[in-house]
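Please read the structure below before turning to the comments.
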Amino acid sequence: MSSEGLAPLARLMADRGFGASLRTGRQIIAASEQETIILPTELLKPDGALDVYDDIMTLFRPTYHKNRPAIQCGGWIGYIPLNDAFALEVASRVPIGNLERLVGMAAGYTPNILRRHARQFAQADGQPASLVEILSDQLLTSFDRICELGLLKAYTREKRLSSFPVGRIYPFESAWRAEKLGKPVAVSSSFQRTSDCGANRVLRYAFEKLLARYIGTTEDRQRPRLQKLKRAVDRLEAISTPAKAELTPSAIAGIIGHLPRERQDYADAMMIAQLIIFDASLSIRGTGEVALLPSLLIDMSKVFEDYARRVLSDGFQNDDRVAIKDGNRGGEQGAKAMLFDPIQPGLKNPTVTPDIVIEIDSATSIIIDAKYKGAPKIPDRNDINQVVLYGAKYGAQHVMLLHAGRPNGRSHVELCGKVGDFSVYNGMIDLDASVIEEEEAGFVKAIASILGSPD
C-alpha cells in the first residue's frame, strides 16, 4: 500500500480523534543527536526559566553556550515538542537506511511514546517489531475507550417473511409468497439497530490479524498484550467478517466521515487499524500524511545496545557452543547478577548489568559494554573501570567497550592491553557503512577469532 493510498485518511483525521486535541502547529528547530542547541529567546519566560513542557524537560540537559541558554540533545531522536510554539526535529547521525535497520533489529526495544503530543508521520519500508507492539497497544487503548461507551451501533434495513409484518410491506412480493405457501404471509422490511456495522468489522479484522501474529509467542513480556488481544476479539465475537470492499483506505475514510459526533472515540481506532491491516510502517524521521499519532522518540543508546546483541545472536546462531545473553535481564536468557556474594548483612546489594555477556560452553568468555559514541584510540578510563569490574564478577577473560563508529583503517576489534588477568578490547561498528551487513559480518568474525574455533 503506497503512502498516497493511506494519506486521505490522515487528512480526514486532522480535526478528529488525536488531531482535535493534540495537533499543534509548531516552528521546527532542526537538530542532530548530541548537538548543543542555542534556544530562541521566545523559549524563555520573563523570570529566565525555560518555557518547556515539564514532561519534555527531563529529556534534555539545560546548559549555556556562548553565554546563551541552550540544551544538550543527548541520544534521543525524533519530533520533540518543546511547547505550543516550538518543536525540535532531532535527526540521527546514522544514515536513514541504516537507522531503520538498527531499530528493526533491536529486538524488544520500544520507543518512548509522548502520549500528550501528536505528530504527522510519513510511510517507511519495513515494519519493525517494536512498531507493531506500539500500534497494538495504541489500538487496545482506543478500544478500551470505545468499550466504556459501548460498541457503535448503526441502523440497517432488515427484510423478513412473516405472518406479522413490521415496517414497510411489499404487496406484490407478499401476494406471490402467500399464494405459493398457501397461507397469509407478508414480505416486509424495517430498520434494526445493530453493532454489526463497518467500523466494528474493521476493528475485528485488525484485532484478529494482531492475534494471529502473537498467538504463538513464548516471551513473558508479550503475554499481557496477548491476553488483551484475546479479550478484544471475544468482545467482537458477534461481529461478522468485513467484506473486501470495506478494507480499503477510502472505505475506512468513509466510516470515519460518517461517525456520529458523540463517537469520535472510533476515529483513533480506525487510523491505527488501517496501519495494521495494510502492514504500514512509519518513518522515524520527517513528516508526512500517512498517520497522525502520538510522537515517538528513539533512544539511540538503547537501540545500539540491543542492535549489537542481535548482530551477535544472528552471527552465532549456528554455533551451539556460543550463547549471547542480556546482562540487563534475569532469567534463562539474561545474565543480570548481584555485585556482592556474599554481602555484609544489612547492606543493599547493587545489581551488575553488562550489556552483552558471551558464553562459550556455558562459561562466560567475553563481556561487552556498548557505548553509543565514536571510537577513541583507547576507551575512556571510567568505561574501562566499569567493564573490568564486570569481568571480575563474571570471571570473563576478555572485556570490551563497543563503540558506534570505526575510523578508516582501524579493525573491528583492537586489543588495548591487559589489566591483571583481563584482556581489554576496543570494539567498533561503523554505522555509516554503505553496506552495513558486511560491517556486521566483520564484527562477528572478529569476535569469533577471540572465542576460537570449535574443536
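Labels used: A, B, ... for chains in the order of the C-alpha cells, numbers from 1 for residues in each chain, and numbers from 1 for ligands as shown.
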Per DSSP on the backbone, what are the strand (DSSP E or B) residues of stretch 331-424 of chain A, as a ChimeraX atom specification?
/A:334,337-338,351-352,356-360,363-371,398-403,413-419,422-424
Residues just named, written with C-alpha atoms as an mmCIF file, in the first residue's frame:
```cif
data_model
loop_
_atom_site.group_PDB
_atom_site.id
_atom_site.type_symbol
_atom_site.label_atom_id
_atom_site.label_comp_id
_atom_site.auth_asym_id
_atom_site.auth_seq_id
_atom_site.Cartn_x
_atom_site.Cartn_y
_atom_site.Cartn_z
ATOM 1 C CA GLY A 334 19.520 -12.935 30.894
ATOM 2 C CA ALA A 337 23.715 -10.609 38.778
ATOM 3 C CA MET A 338 24.181 -9.131 42.243
ATOM 4 C CA THR A 351 22.961 -5.245 40.589
ATOM 5 C CA VAL A 352 25.537 -5.797 37.847
ATOM 6 C CA ILE A 356 26.252 -8.309 26.415
ATOM 7 C CA VAL A 357 27.527 -11.496 28.018
ATOM 8 C CA ILE A 358 29.013 -14.097 25.667
ATOM 9 C CA GLU A 359 29.233 -17.617 26.974
ATOM 10 C CA ILE A 360 31.063 -20.483 25.325
ATOM 11 C CA ALA A 363 31.262 -20.436 30.704
ATOM 12 C CA THR A 364 31.475 -16.638 30.375
ATOM 13 C CA SER A 365 34.173 -15.723 27.875
ATOM 14 C CA ILE A 366 33.561 -12.102 26.785
ATOM 15 C CA ILE A 367 31.831 -9.174 28.481
ATOM 16 C CA ILE A 368 30.824 -6.295 26.176
ATOM 17 C CA ASP A 369 29.515 -2.891 27.207
ATOM 18 C CA ALA A 370 28.068 -0.834 24.337
ATOM 19 C CA LYS A 371 28.877 2.888 24.178
ATOM 20 C CA HIS A 398 38.053 -10.842 27.801
ATOM 21 C CA VAL A 399 36.280 -7.486 28.311
ATOM 22 C CA MET A 400 35.333 -4.987 25.605
ATOM 23 C CA LEU A 401 33.995 -1.471 25.096
ATOM 24 C CA LEU A 402 31.967 -1.449 21.867
ATOM 25 C CA HIS A 403 31.712 1.918 20.093
ATOM 26 C CA VAL A 413 38.323 -5.276 17.450
ATOM 27 C CA GLU A 414 41.622 -3.952 18.814
ATOM 28 C CA LEU A 415 43.438 -5.258 21.876
ATOM 29 C CA CYS A 416 44.297 -2.302 24.119
ATOM 30 C CA GLY A 417 46.276 -4.279 26.695
ATOM 31 C CA LYS A 418 45.864 -6.245 29.893
ATOM 32 C CA VAL A 419 44.633 -5.225 33.330
ATOM 33 C CA PHE A 422 41.799 -9.299 31.840
ATOM 34 C CA SER A 423 42.384 -8.540 28.164
ATOM 35 C CA VAL A 424 40.749 -5.159 27.377
#
```
Quick one: DSSP alpha helix (DSSP H) residues in stretch 17-229 of chain A, as a PyMOL selection string?
chain A and resi 18-22+54-57+96-105+129-149+171-181+198-214+223-229
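Between A:Tyr214 and the candidates A:Thr156, A:Val202, A:Val132, A:Ala308, the tightest atom-to-atom separation, counting only C-alpha atoms, involves A:Val132.
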Which residues are close to stretch 228-233 of chain A, i.e. within 12 Å by only C-alpha atoms, leaving aside same-chain residues fewer than 6 positions away? Reply as a PyMOL selection string.
chain A and resi 133+136-144+146-147+151+200-215+222+239-241
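Taking only C-alpha atoms into account, A:Val103 lies nearest to A:Ile298 out of the set A:Ile298, A:Met428, A:Leu82, A:Ala392.
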Quick one: everything within 7 Å of A:Pro294, counting only C-alpha atoms, minus sequence neighbours fewer than 3 positions away in the same chain. Send it as a PDB file with C-alpha atoms, in the first residue's frame.
```pdb
ATOM      1  CA  ILE A 113       5.669   7.412  23.312  1.00  0.00           C
ATOM      2  CA  LEU A 114       4.785  11.051  24.007  1.00  0.00           C
ATOM      3  CA  ARG A 115       1.093  10.360  24.529  1.00  0.00           C
ATOM      4  CA  ARG A 116       0.269  14.034  25.147  1.00  0.00           C
ATOM      5  CA  HIS A 117       1.742  15.235  21.848  1.00  0.00           C
ATOM      6  CA  ALA A 118       0.807  14.174  18.309  1.00  0.00           C
ATOM      7  CA  ARG A 119       2.677  14.489  15.020  1.00  0.00           C
TER       8      ARG A 119
END
```
Excluding same-chain residues fewer than 2 positions from stretch 309-322 of chain A, what lies within 12 Å of it counting only C-alpha atoms, as a ChimeraX atom specification?
/A:101-109,302-307,324-328,333-334,354-370,402,429,436-448,451-455
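Neighbouring residues of A:Asn98 at 9 Å or closer, counting only C-alpha atoms and skipping chain neighbours under 5 positions away, are Val103, Leu431, Asp432, Ala433, Ser434, Val435 and Ile436 of chain A.
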Could you save those same residues with N, CA and C atoms as a PDB file, in the first residue's frame?
```
ATOM      1  N   VAL A 103      16.880  -0.017  14.251  1.00  0.00           N
ATOM      2  CA  VAL A 103      15.653  -0.067  15.048  1.00  0.00           C
ATOM      3  C   VAL A 103      14.932  -1.392  14.824  1.00  0.00           C
ATOM      4  N   LEU A 431      28.461   2.492  11.833  1.00  0.00           N
ATOM      5  CA  LEU A 431      27.042   2.595  11.498  1.00  0.00           C
ATOM      6  C   LEU A 431      26.805   3.411  10.235  1.00  0.00           C
ATOM      7  N   ASP A 432      27.841   4.063   9.706  1.00  0.00           N
ATOM      8  CA  ASP A 432      27.734   4.810   8.454  1.00  0.00           C
ATOM      9  C   ASP A 432      28.084   3.953   7.239  1.00  0.00           C
ATOM     10  N   ALA A 433      28.412   2.686   7.454  1.00  0.00           N
ATOM     11  CA  ALA A 433      28.860   1.815   6.362  1.00  0.00           C
ATOM     12  C   ALA A 433      27.826   1.756   5.243  1.00  0.00           C
ATOM     13  N   SER A 434      28.303   1.807   4.010  1.00  0.00           N
ATOM     14  CA  SER A 434      27.390   1.759   2.866  1.00  0.00           C
ATOM     15  C   SER A 434      26.714   0.398   2.756  1.00  0.00           C
ATOM     16  N   VAL A 435      27.425  -0.655   3.136  1.00  0.00           N
ATOM     17  CA  VAL A 435      26.832  -1.995   3.191  1.00  0.00           C
ATOM     18  C   VAL A 435      26.982  -2.480   4.639  1.00  0.00           C
ATOM     19  N   ILE A 436      26.018  -2.161   5.456  1.00  0.00           N
ATOM     20  CA  ILE A 436      26.161  -2.396   6.890  1.00  0.00           C
ATOM     21  C   ILE A 436      26.162  -3.889   7.219  1.00  0.00           C
TER      22      ILE A 436
END
```
One-decimal distance in Å that lies between atom CA of A:Pro350 and atom CA of A:Ala396:
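Taking atom CA of A:Ala396 as the start and atom CA of A:Pro350 as the end point, the length is 19.6 Å.
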Just want the 12 Å neighbourhood of A:Lys45, counted on only C-alpha atoms, with same-chain residues fewer than 5 positions away dropped. Output as a PDB file with C-alpha atoms, in the first residue's frame.
```pdb
ATOM      1  CA  PRO A  40      15.375  31.236  20.672  1.00  0.00           C
ATOM      2  CA  LEU A  50      12.817  27.751  30.065  1.00  0.00           C
ATOM      3  CA  ASP A  51       9.265  27.656  28.741  1.00  0.00           C
ATOM      4  CA  VAL A  52       9.272  23.906  28.006  1.00  0.00           C
ATOM      5  CA  PRO A  69      20.618  29.418  27.140  1.00  0.00           C
ATOM      6  CA  ASN A  83       5.927  23.996  23.959  1.00  0.00           C
TER       7      ASN A  83
END
```
Please compute the atom CA of A:Lys180-atom CA of A:Arg157 distance, one decimal, in Å.
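These two atoms are separated by 24.9 Å.
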Using only C-alpha atoms, pick whichever of A:Ala267, A:Ser162, A:Arg221, A:Arg61 has the shortest atom-to-atom distance to A:Ile255.
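Looking only at the distances to A:Ile255, the closest residue turns out to be A:Ala267.
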